[in-house]
Amino acid sequence: MGITTKLTSAQEAVARIAYRSADFLYVIESTKTALTADSLKAVRNLQENETLNASGYRPIVQNLKAHADPFIYVADASSHPITAERPHLDAVVAASDSLFFATPHLYTLANTPVVVHIALGSTETFDFAAVRDTGFLILFSGNNAADASASIADTIRTAAQAHKLALKLNTGVLHFYTPVSKGAYALEDVALLPTKDEMDWARDAFGESFKIRGSTPIQTTSQRSAKIQSAVAAIKELGISPFDFNGPADASTVLLSFGSSAGLLNSAATDSKLATLSVRVLRPWLFDELIQVLPESVKRLVVLEQVSALPKKWEQLYLDVLVELKSRNSAIELLSAQYALSAETDAVKLIASLLQELKKPIPSASDLRFVYGSVKEESLVPTPPLIEETYHKLLQRVFKARLRVANDSSLASAKSIPAQLVISPQFALGSVLEYEKNREHFCSRIGKLLKGGAITNNETLEALSNWLVSVNNEDSTLDPTLVIEALKKDSAPSVQELLSESHYFVKKSHWIIGSDAWAYDLGNSAVHQALCDEANVNLLVIDTQPYSTRNDVLQRKKDIGLYAMNFGNAYVASVAIYSSYTQVLAALLEADKFKGPSVVLGYLPYFTSEDDAITVMKETKCAVDAGYWPLYRWTPALKDGEYSDFQLDSERVRDELKKFLDRDNYLTQLTLREPRLAKTLTESFGAKVREQQKLDARAALNRLLEGLSGPQLTILYASDGGVSEGVAKRLNGRATARGSKSKVMAMDDFPLSELEKEENVVFLVSTAGQGEFPQNGREFWKELKGNVDLSLSKLNFAVFGFGDYDYWPRKEDKIYYNRPSKQLDARLAELGAHPLISLGLGNDQDPDGWATAYNVWEPELWASLGLDNVDVDINEPAPVTAEDIKRTSNYLRGTIMEGLADTTTGAVSESDSVLVKFHGMYMQDDRDIRDERKKQGLEPAYTFMLRLRMPGGVCSAEQYIALDDISTKWGNKTLKITTRQTFQSHGVLKGNLRSSIRAIVKVMLTTLGASGDVCRNVTAACIPTNTKLHKQIYDVAKEASEGLLPSTSAYHEIWIEDPETVEKRKVAGEAVQDVEPLYGPTYLPRKFKVGIAVPPHNDIDVYINDVGLVAITSEDGDILEGFNVYIGGGLGTTHNNKKTYPRLGDLAGYVPVAKTLDILKAILIVQRDNGDRENRKHARIKYTVDTMTFEKFVAETERNAGFKFEPARPQQPFVDNTDDFGGWAKTDLGTYSRTIFIENGRIEDTAQLQFKTGMRELAEKLLDTGSKAEFRMTANQHMILHNVSESELPWVNAHLAKYKLDNTAFTGLRLSSAACVALPTCGYAMAESERYLPKLITKVEDIINEAGLTKDSITMRMTGCGNGCSRPWVAEIACVGKAPNTYNLLLGGGHSGERLNKLYKASVQEKEILDLLRPIIKRYALERQDNEPFGDFVIRTGYVTATERNGANGAVHEGISADAA
């Protein structure tokens, strides 16, 4: 976000002034988002640009919500500052709904220097009586409806004056202003803002007052009088006009108005004898100033006040004026006019009506009133935004008709009770108690009717008797609706009277929903009363504070869960719907079942109501992982002999909760029951631990270096991909060889406080994202950038940066090139450090890449240190490569078993992380919480992703259940269908790997060879209607998969056998001697992929495989005869490295079915022996083919096979590369098959959809009933339910409908989309993919629908990096991640996967993507030819050129428009 140069609204202007005039800024998001959206945007811009306030500090910004009693936070923080010696100056930016609960808090804030800016819509009604006597000064501005620029200028000036008043008088100021938007206005004048001296003086004055009283000061009557006098003097000194007069100087009638509509009334009052007077200062009330402003010609004064929601005959301003006029015996006639405006145009109608009224005879004094319009009270009640409905919707889904939310504001109109009363927790609790009391009375009445013989109808008698017996039976299966239906048949008056209260037949689940504001005042919430009364009610408290915004100011927030647990009579649960959906469900059900009070704390962190699920999920994960928001469920022991039950559902807990558990002896039980938890429950964590680790490491290094005589040198690096780390370690070796006392470490591992003690420091810094520091250097840079006290006058430094000048091709983005190294170099100089040599900048586009500049820079470094003439003979070891690791691994064993036995870390060694890929797993960590864990002195949250080898994507119900069990018990409770027709299970801890793989093998599956430099999972076409052909295709896929499987016994030895048995066998000399007859000890240079397609559907994208097999069948399509073989496909690339490129396979010829495995082995051997083993980026078969030439590669293949390819057979053209969502299709065997849409392949339970539960129950029923149905994964990440018998269709249809698994009512664009996993687990991801694509699709759908293309299939794919896991290079529209929120946009892929797409625009973000696609899609809708796919259209119309030669030799980089950059 760039620096703001123009203002677009009054809200933005006010937010900027508040930010620069305060230490703490509270931005309260309104339920009327239009009034606060610009404020949020402005503050975010100032934060991102690191803007300082007038005192030279960065203000702390806290986002609050209007519906959650926000001023309780402000009052609490103000009365308990971080230090009494220097209290903070506060400001609030909000809309009027934030004041709904504010009145009691404003009284406590009135004598503190806080400024509250309130945006008030031009027709908005607000009851000023609620705030006029709180002790705040009250100002109005922006009432010039005719001139927006003048209105904003007035608002800016008044906002700044409000802060000056607050600082000068040590008092609170309420500033109401009218929002003005839709324009470009000059920025605020810095001279208007409070000065540094004024802010410092105010802090000192407030601090002295605070120390004397120990809390927020409360003034006496005499002090308040003196305060008013001081306020009057200050207002005059600042030149604030208490009133604005508009109209003729000889006006006989003056309209006195204030509030948001004053500007509209001023513009509407055009009568020659009519003037308007706007109140700009409401408190203090300066009536003398009003009299001075009024012309002597005035005969009549009409007080215009907006109608209040409360029924009052006279409004307060009228009474104020009346008192003053009476005390002066004024002859001016006073009238009261009350109004409400529905629209701005109503102002003219109001004035016209008022003038007509004034022409009538003067009424008596008791009737001097005029009322225009009305206002509804409901509009004033702040309500939670849609994002908070997640928990409410879940309650509705779980309890359905039983749910009763006692403080739902919608109950107000039904009961004719004021909404502010209904939503109060105390009233809600009382309504629950009343409801249950009435229900008991209802039950008693039924009992008397039954005993008294008043019921004569047998059916009614039976129904009521059964209901009464089961009314308090928790296990009863009696359906109350059936009782009601039976009673409807009985016309007896007594029965009909019961029906009038039929809601009592249903046992309600009572819930009171509140916010975390309750944590500041438990006595004013329902928590304390419910616990004391032991009421059978459920309290759901939703905490929305993002983890990343927590700070010391809000630490007085009480732990409601701990408070309730200490009572010992309540069920307590702490849940987070974006962390564990199943745990939330369990907690809600347990709370409902518990007989007594239940407190469920629900976490839903968000900054603004516009936040997407990704943001909420990241904040949730950080909070849960750090123990800030532990997940647990606690059921108290209510009877003698019972034991309280504590279930810890996350791995870490707060210290306070830990103490409670320890006191009740739960901690001991937990550590005994779950030994793994002992470490996480008892470890210390935090910044101090991390700092001590750094200091200890540094001290150890210094001791090691004491014997060296050369100059001291510290080498610090920041590296994501390992380049700068490798160079740093090599430089350290060379420095040591030259006699230097050298040490090397990551920047974040070096304590900043030690930097000024260093003599010489070299920084080697890579560039990440949009010119950002790499992960292991960000905290160091953040501290260095913000530290104003550090003196580096004794430090000598040198900086070398690693970057790519063309990575950001647009001129405006060139600032990102080597930005971290440039910033670091400049900052060190600012702090007084001395450069040893000039900044070095490595560029990947130079002839030798970054080494071109580095090879010049390093000798200069040695010269500057006096080490250039030292004779050294350095025998630097060559870096360990993947080839070295494979060669020395003993056929994929490495030290994996030793790594599994190491419980001190969740990781395996770096070399073993390469080897475990061959075993079908990737070591990953959760990147969402990586930074936070590092701050706490913890290693990354390491987990493993398991990938199945599942040829053709065929999976039985039994196998699916096993995989679901693994994901639930040991994974992250989701399953991912990949683009290679298999499953991945994420989040498996190292200690659970062996158990997971054993469970997989038990159902005849494996993970061996699902990754690594071997043949991966063999994909095969799904042909649901032709089971005969599919059986033959599947057999070939299975034969190929098994025939190309590695032969090593390491897999069985490590994962299946008992480790002790393996060790005993080794000791006895019986270790297995492996051999790999096909692969050899170093396996392949890179991965090898095989795919089988059956025309006319290219659902697996056959051409992108290393080897693609296109089926050739008999004329009737039932017999598989052989394959046309395509060689040389592959998609992975590196951004801006034109030596890397995607490629499609070329046709080599035909082979019969019987020779398929032989030809695959022959091709594999050519790649094994000729692939590039020096450069892994150039090691795929596509590069081998282009290096050897296709003809030579084919010839070598034929030599290895011992036979030649036959001439290619004619093949049916492909028509698409998507899945069929046409519903049930009948197979040739009379069974049925249908495709289940699973967006991006993620099978999980969410608040909206329970796909995982639905799929699990479906598999269980198929298994239990002995069904022959099976699952088939598609290469587009969906699932086919195949071979369902006709007799099974009814229950299967009902089940699919129940869980919405039958829903395919989506746009053709969404049905044709796909995304890779990317963040947070993929280590290669540069941008979001799976979590973001659905959101982007929704926005592109708006364009699609507008163009009338709702059902048209356009393939759109997204990937988080250039590796292309979602096959973006053959999509018609593709977004390839380049940096956070930034993608390359590609167009023109073949709709049937027959053509690569091409770069259309580099480095674009969401808005640009939408702006670029909108005109193209609209034009496509209007100008496309019959049946012309989108990819063909963009080529025909010249948006991109077609990729030639199947992309061979980098053809995808040819013919790209200059505008693409």
# chains A, B, ... in the order shown; residues from 1 in each chain; ligands from 1

$ select_by_dssp --residues "range 743-976 of chain A" --states "helix (DSSP H, G or I)" --output "short mmCIF file (atom, residue, chain, number, x, y, z; two decimals) with C-alpha atoms, in the first residue's frame"
data_model
loop_
_atom_site.label_atom_id
_atom_site.label_comp_id
_atom_site.auth_asym_id
_atom_site.auth_seq_id
_atom_site.Cartn_x
_atom_site.Cartn_y
_atom_site.Cartn_z
CA MET A 747 20.40 -12.68 11.83
CA ASP A 748 17.50 -13.61 14.07
CA ASP A 749 19.80 -15.77 16.21
CA LEU A 752 20.59 -7.00 18.71
CA SER A 753 21.80 -5.67 22.06
CA GLU A 754 25.20 -7.21 21.32
CA LEU A 755 25.61 -5.50 17.95
CA GLU A 756 27.22 -2.35 19.35
CA LYS A 757 29.89 -4.53 21.01
CA GLN A 775 12.04 -15.46 7.61
CA ASN A 776 15.19 -15.81 9.72
CA GLY A 777 16.07 -12.13 9.47
CA ARG A 778 12.75 -10.37 9.96
CA GLU A 779 12.81 -10.04 13.73
CA PHE A 780 16.37 -8.69 13.70
CA TRP A 781 15.42 -6.10 11.07
CA LYS A 782 12.24 -5.18 12.90
CA GLU A 783 14.19 -4.51 16.11
CA LEU A 784 16.98 -2.67 14.31
CA LYS A 785 14.53 -0.48 12.43
CA GLY A 786 12.56 0.48 15.53
CA LYS A 811 9.01 -0.13 -13.46
CA GLU A 812 7.06 0.77 -10.34
CA ASP A 813 8.05 -2.55 -8.73
CA LYS A 814 11.81 -2.19 -9.26
CA ILE A 815 12.04 -0.87 -5.69
CA TYR A 816 11.73 -4.48 -4.52
CA ARG A 819 15.36 -4.02 -1.07
CA PRO A 820 16.33 -5.71 2.25
CA SER A 821 20.07 -5.28 1.68
CA LYS A 822 19.59 -1.64 0.63
CA GLN A 823 17.44 -0.90 3.68
CA LEU A 824 19.88 -2.63 6.01
CA ASP A 825 22.87 -0.80 4.57
CA ALA A 826 21.13 2.57 4.94
CA ARG A 827 19.90 1.87 8.47
CA LEU A 828 23.33 0.81 9.74
CA ALA A 829 24.79 4.03 8.35
CA GLU A 830 22.02 6.05 10.05
CA ALA A 851 28.28 -14.79 -8.21
CA THR A 852 29.17 -12.20 -10.89
CA ALA A 853 29.00 -9.35 -8.38
CA TYR A 854 30.01 -11.43 -5.38
CA ASN A 855 33.32 -12.54 -6.90
CA VAL A 856 34.29 -8.86 -7.09
CA TRP A 857 32.89 -7.97 -3.67
CA GLU A 858 34.59 -10.66 -1.56
CA PRO A 859 38.21 -9.73 -2.43
CA GLU A 860 37.40 -6.11 -1.55
CA LEU A 861 36.12 -7.34 1.82
CA TRP A 862 39.40 -9.15 2.58
CA ALA A 863 41.34 -6.04 1.58
CA SER A 864 39.30 -3.84 3.92
CA ALA A 882 20.77 -34.69 -3.24
CA GLU A 883 22.85 -37.10 -5.31
CA ASP A 884 25.35 -37.44 -2.46
CA ILE A 885 22.55 -38.07 0.02
CA LYS A 886 21.02 -40.79 -2.16
CA ARG A 887 24.36 -42.40 -2.88
CA ILE A 896 15.80 -42.10 9.49
CA MET A 897 15.40 -44.68 12.28
CA GLU A 898 17.73 -42.72 14.55
CA GLY A 899 15.80 -39.55 13.74
CA LEU A 900 12.50 -41.17 14.66
CA ALA A 901 13.94 -42.17 18.02
CA GLU A 910 18.29 -32.23 6.64
CA SER A 911 19.58 -35.23 4.68
CA ASP A 912 16.82 -37.48 6.03
CA SER A 913 14.23 -34.90 4.97
CA VAL A 914 15.36 -35.65 1.41
CA LEU A 915 15.14 -39.41 1.91
CA ARG A 930 6.46 -20.00 12.28
CA ASP A 931 7.32 -16.44 13.31
CA GLU A 932 5.35 -16.65 16.54
CA ARG A 933 7.01 -19.90 17.60
CA LYS A 934 10.39 -18.40 16.88
CA LYS A 935 9.63 -15.44 19.15
CA PRO A 951 -2.68 -46.21 -9.07
CA GLY A 952 -5.66 -44.95 -11.03
CA GLY A 953 -7.12 -43.35 -7.90
CA ALA A 957 -14.67 -48.19 1.31
CA GLU A 958 -12.48 -50.06 3.79
CA GLN A 959 -9.40 -48.22 2.61
CA TYR A 960 -11.16 -44.88 2.80
CA ILE A 961 -12.21 -45.53 6.41
CA ALA A 962 -8.62 -46.34 7.33
CA LEU A 963 -7.35 -43.15 5.74
CA ASP A 964 -10.06 -41.13 7.46
CA ASP A 965 -9.04 -42.69 10.78
CA ILE A 966 -5.42 -41.72 10.20
CA SER A 967 -6.29 -38.13 9.37
CA THR A 968 -8.54 -37.86 12.42
CA LYS A 969 -6.33 -39.62 14.94
#

$ residues_around --residues "Asp926 in chain A" --least-positions-apart "4" --cutoff "6 Å" --atoms "only C-alpha atoms" --output "list of chain:residue names"
A:Ala941, A:Pro1320, A:Thr1321

$ write_last_selection --atoms "C-alpha atoms" --output "JSON list (two decimals), in the first residue's frame"
[["chain", "number", "residue", "atom", "x", "y", "z"],
["A", 941, "ALA", "CA", 5.78, -26.66, 14.29],
["A", 1320, "PRO", "CA", 0.55, -22.80, 5.28],
["A", 1321, "THR", "CA", 2.28, -26.18, 4.98]]

$ closest_residue --among "A:Leu317, A:Val173, A:Ile17, A:Leu335" --to "Leu192 in chain A" --atoms "only C-alpha atoms"
A:Ile17

$ atom_distance --atom1 "CA of Leu1349 in chain A" --atom2 "CA of Leu1281 in chain A"
28.4 Å

$ closest_residue --among "A:Asn111, A:Thr1140, A:Asn1026, A:Thr1133" --to "Ile1119 in chain A" --atoms "only C-alpha atoms"
A:Asn1026

$ closest_residue --among "A:Asn438, A:Thr1350, A:Ser476, A:Thr608" --to "Ala66 in chain A" --atoms "only C-alpha atoms"
A:Thr608

$ closest_residue --among "A:Tyr1126, A:Phe1251, A:Trp201, A:Phe206" --to "Leu1296 in chain A" --atoms "only C-alpha atoms"
A:Phe1251

$ closest_residue --among "A:Pro113, A:Pro194, A:Pro1334, A:Pro248" --to "Ser79 in chain A" --atoms "only C-alpha atoms"
A:Pro113

$ atom_distance --atom1 "CA of Ala463 in chain A" --atom2 "CA of Leu487 in chain A"
7.9 Å

$ decode --residues "range 453-464 of chain A" --atoms "all heavy atoms" --output "CSV table (one decimal), in the first residue's frame"
chain,number,residue,atom,x,y,z
A,453,GLY,N,-58.9,-36.4,34.9
A,453,GLY,CA,-59.7,-37.0,33.9
A,453,GLY,C,-60.3,-36.1,32.9
A,453,GLY,O,-61.3,-36.4,32.2
A,454,ALA,N,-59.7,-34.9,32.7
A,454,ALA,CA,-60.2,-33.9,31.8
A,454,ALA,C,-59.9,-34.3,30.3
A,454,ALA,O,-60.6,-33.8,29.4
A,454,ALA,CB,-59.6,-32.5,32.1
A,455,ILE,N,-59.0,-35.2,30.2
A,455,ILE,CA,-58.6,-35.6,28.8
A,455,ILE,C,-59.4,-36.9,28.5
A,455,ILE,O,-59.2,-37.9,29.2
A,455,ILE,CB,-57.1,-35.9,28.7
A,455,ILE,CG1,-56.3,-34.7,29.1
A,455,ILE,CG2,-56.8,-36.3,27.3
A,455,ILE,CD1,-56.5,-33.5,28.3
A,456,THR,N,-60.2,-36.9,27.5
A,456,THR,CA,-61.0,-38.1,27.1
A,456,THR,C,-60.6,-38.8,25.9
A,456,THR,O,-60.9,-39.9,25.7
A,456,THR,CB,-62.5,-37.6,27.0
A,456,THR,OG1,-62.6,-36.6,26.0
A,456,THR,CG2,-63.1,-37.1,28.3
A,457,ASN,N,-59.9,-38.0,25.0
A,457,ASN,CA,-59.4,-38.6,23.8
A,457,ASN,C,-58.3,-39.5,24.1
A,457,ASN,O,-57.2,-39.1,24.6
A,457,ASN,CB,-59.0,-37.5,22.8
A,457,ASN,CG,-58.6,-38.1,21.4
A,457,ASN,OD1,-57.6,-38.8,21.3
A,457,ASN,ND2,-59.4,-37.7,20.4
A,458,ASN,N,-58.4,-40.8,23.7
A,458,ASN,CA,-57.3,-41.8,24.0
A,458,ASN,C,-56.0,-41.5,23.4
A,458,ASN,O,-54.9,-41.6,24.0
A,458,ASN,CB,-57.8,-43.2,23.5
A,458,ASN,CG,-58.9,-43.7,24.4
A,458,ASN,OD1,-59.0,-43.4,25.6
A,458,ASN,ND2,-59.7,-44.6,23.9
A,459,GLU,N,-56.0,-41.0,22.1
A,459,GLU,CA,-54.8,-40.6,21.4
A,459,GLU,C,-54.1,-39.5,22.1
A,459,GLU,O,-52.9,-39.5,22.4
A,459,GLU,CB,-55.0,-40.3,20.0
A,459,GLU,CG,-53.7,-40.1,19.2
A,459,GLU,CD,-54.0,-39.8,17.7
A,459,GLU,OE1,-55.2,-39.8,17.3
A,459,GLU,OE2,-53.0,-39.5,17.0
A,460,THR,N,-54.9,-38.5,22.6
A,460,THR,CA,-54.3,-37.4,23.3
A,460,THR,C,-53.8,-37.8,24.6
A,460,THR,O,-52.7,-37.4,25.1
A,460,THR,CB,-55.4,-36.3,23.5
A,460,THR,OG1,-55.9,-35.9,22.2
A,460,THR,CG2,-54.9,-35.1,24.2
A,461,LEU,N,-54.5,-38.6,25.3
A,461,LEU,CA,-54.2,-39.2,26.6
A,461,LEU,C,-52.8,-39.9,26.5
A,461,LEU,O,-51.9,-39.6,27.4
A,461,LEU,CB,-55.2,-40.1,27.1
A,461,LEU,CG,-55.1,-40.6,28.6
A,461,LEU,CD1,-55.2,-39.4,29.6
A,461,LEU,CD2,-56.1,-41.6,28.9
A,462,GLU,N,-52.6,-40.7,25.5
A,462,GLU,CA,-51.4,-41.5,25.4
A,462,GLU,C,-50.2,-40.6,25.1
A,462,GLU,O,-49.1,-40.7,25.6
A,462,GLU,CB,-51.6,-42.5,24.3
A,462,GLU,CG,-50.3,-43.4,24.1
A,462,GLU,CD,-50.5,-44.4,23.0
A,462,GLU,OE1,-51.6,-44.4,22.3
A,462,GLU,OE2,-49.5,-45.2,22.7
A,463,ALA,N,-50.5,-39.6,24.2
A,463,ALA,CA,-49.4,-38.7,23.7
A,463,ALA,C,-48.9,-37.9,24.9
A,463,ALA,O,-47.7,-37.7,25.1
A,463,ALA,CB,-49.9,-37.8,22.6
A,464,LEU,N,-49.9,-37.3,25.7
A,464,LEU,CA,-49.5,-36.4,26.8
A,464,LEU,C,-48.8,-37.3,27.9
A,464,LEU,O,-47.9,-36.8,28.6
A,464,LEU,CB,-50.7,-35.7,27.4
A,464,LEU,CG,-51.2,-34.6,26.5
A,464,LEU,CD1,-52.5,-34.0,27.1
A,464,LEU,CD2,-50.2,-33.5,26.3
